[in-house]
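Beneath this line is the structure, given in structure tokens, with notes to follow.
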Amino acid sequence: MKYALKVYGILEVGKRTDEQGHPHQEDCIYPSMEQLSDKERLFILCDGMGGHDSGEVASSTVCQTMSNYIVHHTATNTFSTSDLQQALTAAFDALDTQDTSAAKKMGTTLALLKLHKEGGTIAHMGDSRVYHIRPGKSEMDTSILFVTEDHSLVNCLVKIGELTKEEARHSKQKNIITRAMQPHSDRPKPDITLITDIRPDDYFVLCSDGMLEQDEMEDGTVLKRIFSKCVPTDEEKVAILKGATAENNDNHSALIIHITAVIDER
């Protein structure tokens, strides 16, 4: 399959500041805001681990290394699990060279989408998310066909019945993730999903957890509303999404990929 796309990005610092009181961004996206292109077929979002040393170094290292490897070492319209693993190995190797031997190691989440002739490969670690959304005429008719499952402590507690979803959303432990990319680690593997049912007008949304501070963002209600056909243009959708997260405390980012056409060449 081949695709026609419209691509948009959000990269905001929120109210977060560093120790000197300056705005602080630990997210990194590929393509960068300056290089967003409708011709791109690879999308990566990394969120440096909050409260850890050099989170922004970890996120930029992984994002830049993986994108560089995939762009220069894989075929344009094919992508295999082996290709992904080699890109991950390159990123872990690069992280190892950045290790400062601090007690709290730097680290980053990973959310990746690669569109190719077989569909869309999604890979993720941590609590950054990838959504596959199919618009309906209204919020009620709009479907979130797929969303990645957070690798987080509270999600584990929800699965075993120790917390309700509502309690998890407001837990003081909600920022503790159980899988991430860190230097000199055991190199955990991402969850990988291949999406083959991709149709014109579908959307893919990659976002960091900083986008999800409000309950209605976290549970998908706002996303269904924004990506329904009630909001007629992509520019309006992006503007509403930015407005909905403008007052968030954490730095946050998103990549919005609108599939405008699908050409099946098989």
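We name chains A, B, ... following the order of the structure tokens; residues begin at 1 in each chain, and ligands are numbered from 1 as shown.
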
inquiry  = Could you go through stretch 66-206 of chain A and tell me which residues DSSP, when run on the backbone, assigns to alpha helix (DSSP H), listing them as a count of residues only?
reply    = 38

inquiry  = Which residues are near A:Leu5? Cut-off 8 Å, only C-alpha atoms, ignore same chain within fewer than 6 positions. Put them as an NGL selection string.
reply    = :A and (38-39 or 257-261)

key: Those in stretch 36-192 of chain A with strand (DSSP E or B) from DSSP, as a PyMOL selection string   = chain A and resi 42-48+108+110-116+119-125+129-134+143-147+152+177+181+191-192

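Near stretch 78-80 of chain A, within a cut-off of 9 Å and counting only C-alpha atoms, sit the residues Ile70, Gln85, Lys114, Leu115, His116, Lys117, Glu118 and Thr121 of chain A, with same-chain residues fewer than 5 positions away left out.
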
Limited to C-alpha atoms, could you put the picked residues into a file as an mmCIF file, in the first residue's frame?
```
data_model
loop_
_atom_site.group_PDB
_atom_site.id
_atom_site.type_symbol
_atom_site.label_atom_id
_atom_site.label_comp_id
_atom_site.auth_asym_id
_atom_site.auth_seq_id
_atom_site.Cartn_x
_atom_site.Cartn_y
_atom_site.Cartn_z
ATOM 1 C CA ILE A 70 15.732 3.616 9.585
ATOM 2 C CA GLN A 85 15.453 -4.441 16.160
ATOM 3 C CA LYS A 114 6.338 3.332 10.258
ATOM 4 C CA LEU A 115 4.028 3.247 7.239
ATOM 5 C CA HIS A 116 5.013 0.779 4.512
ATOM 6 C CA LYS A 117 3.503 -1.462 1.860
ATOM 7 C CA GLU A 118 2.152 -3.982 4.394
ATOM 8 C CA THR A 121 4.110 -0.898 12.209
#
```

query = When you draw a straight line from atom CA of A:Glu149 to atom CA of A:Ser54, how long is it in Å?
reply = 25.5 Å

message = Residues near A:Thr89, anyone? I mean within 12 Å using only C-alpha atoms, not counting same-chain ones fewer than 6 positions away, as a count of residues only.
response = 19

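Atom CA of A:Tyr131 sits 19.4 Å away from atom CA of A:Asn251.
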
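Those residues that approach A:Asp234 to within 10 Å, counting only C-alpha atoms, are Lys6, Val7, Tyr8, Ile226, Phe227, Ile240, Ile256, Ile257 and His258 of chain A; same-chain residues fewer than 6 positions away are not listed.
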
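Atom pair atom CA of A:Met33 / atom CA of A:Gly55 has a distance of 19.4 Å (rounded to one decimal).
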
request  = For A:Thr142, work out the shell of residues within 9 Å, counting only C-alpha atoms and skipping chain neighbours fewer than 3 positions away, then give it as a ChimeraX atom specification.
outcome  = /A:133-139,224-225,227-229
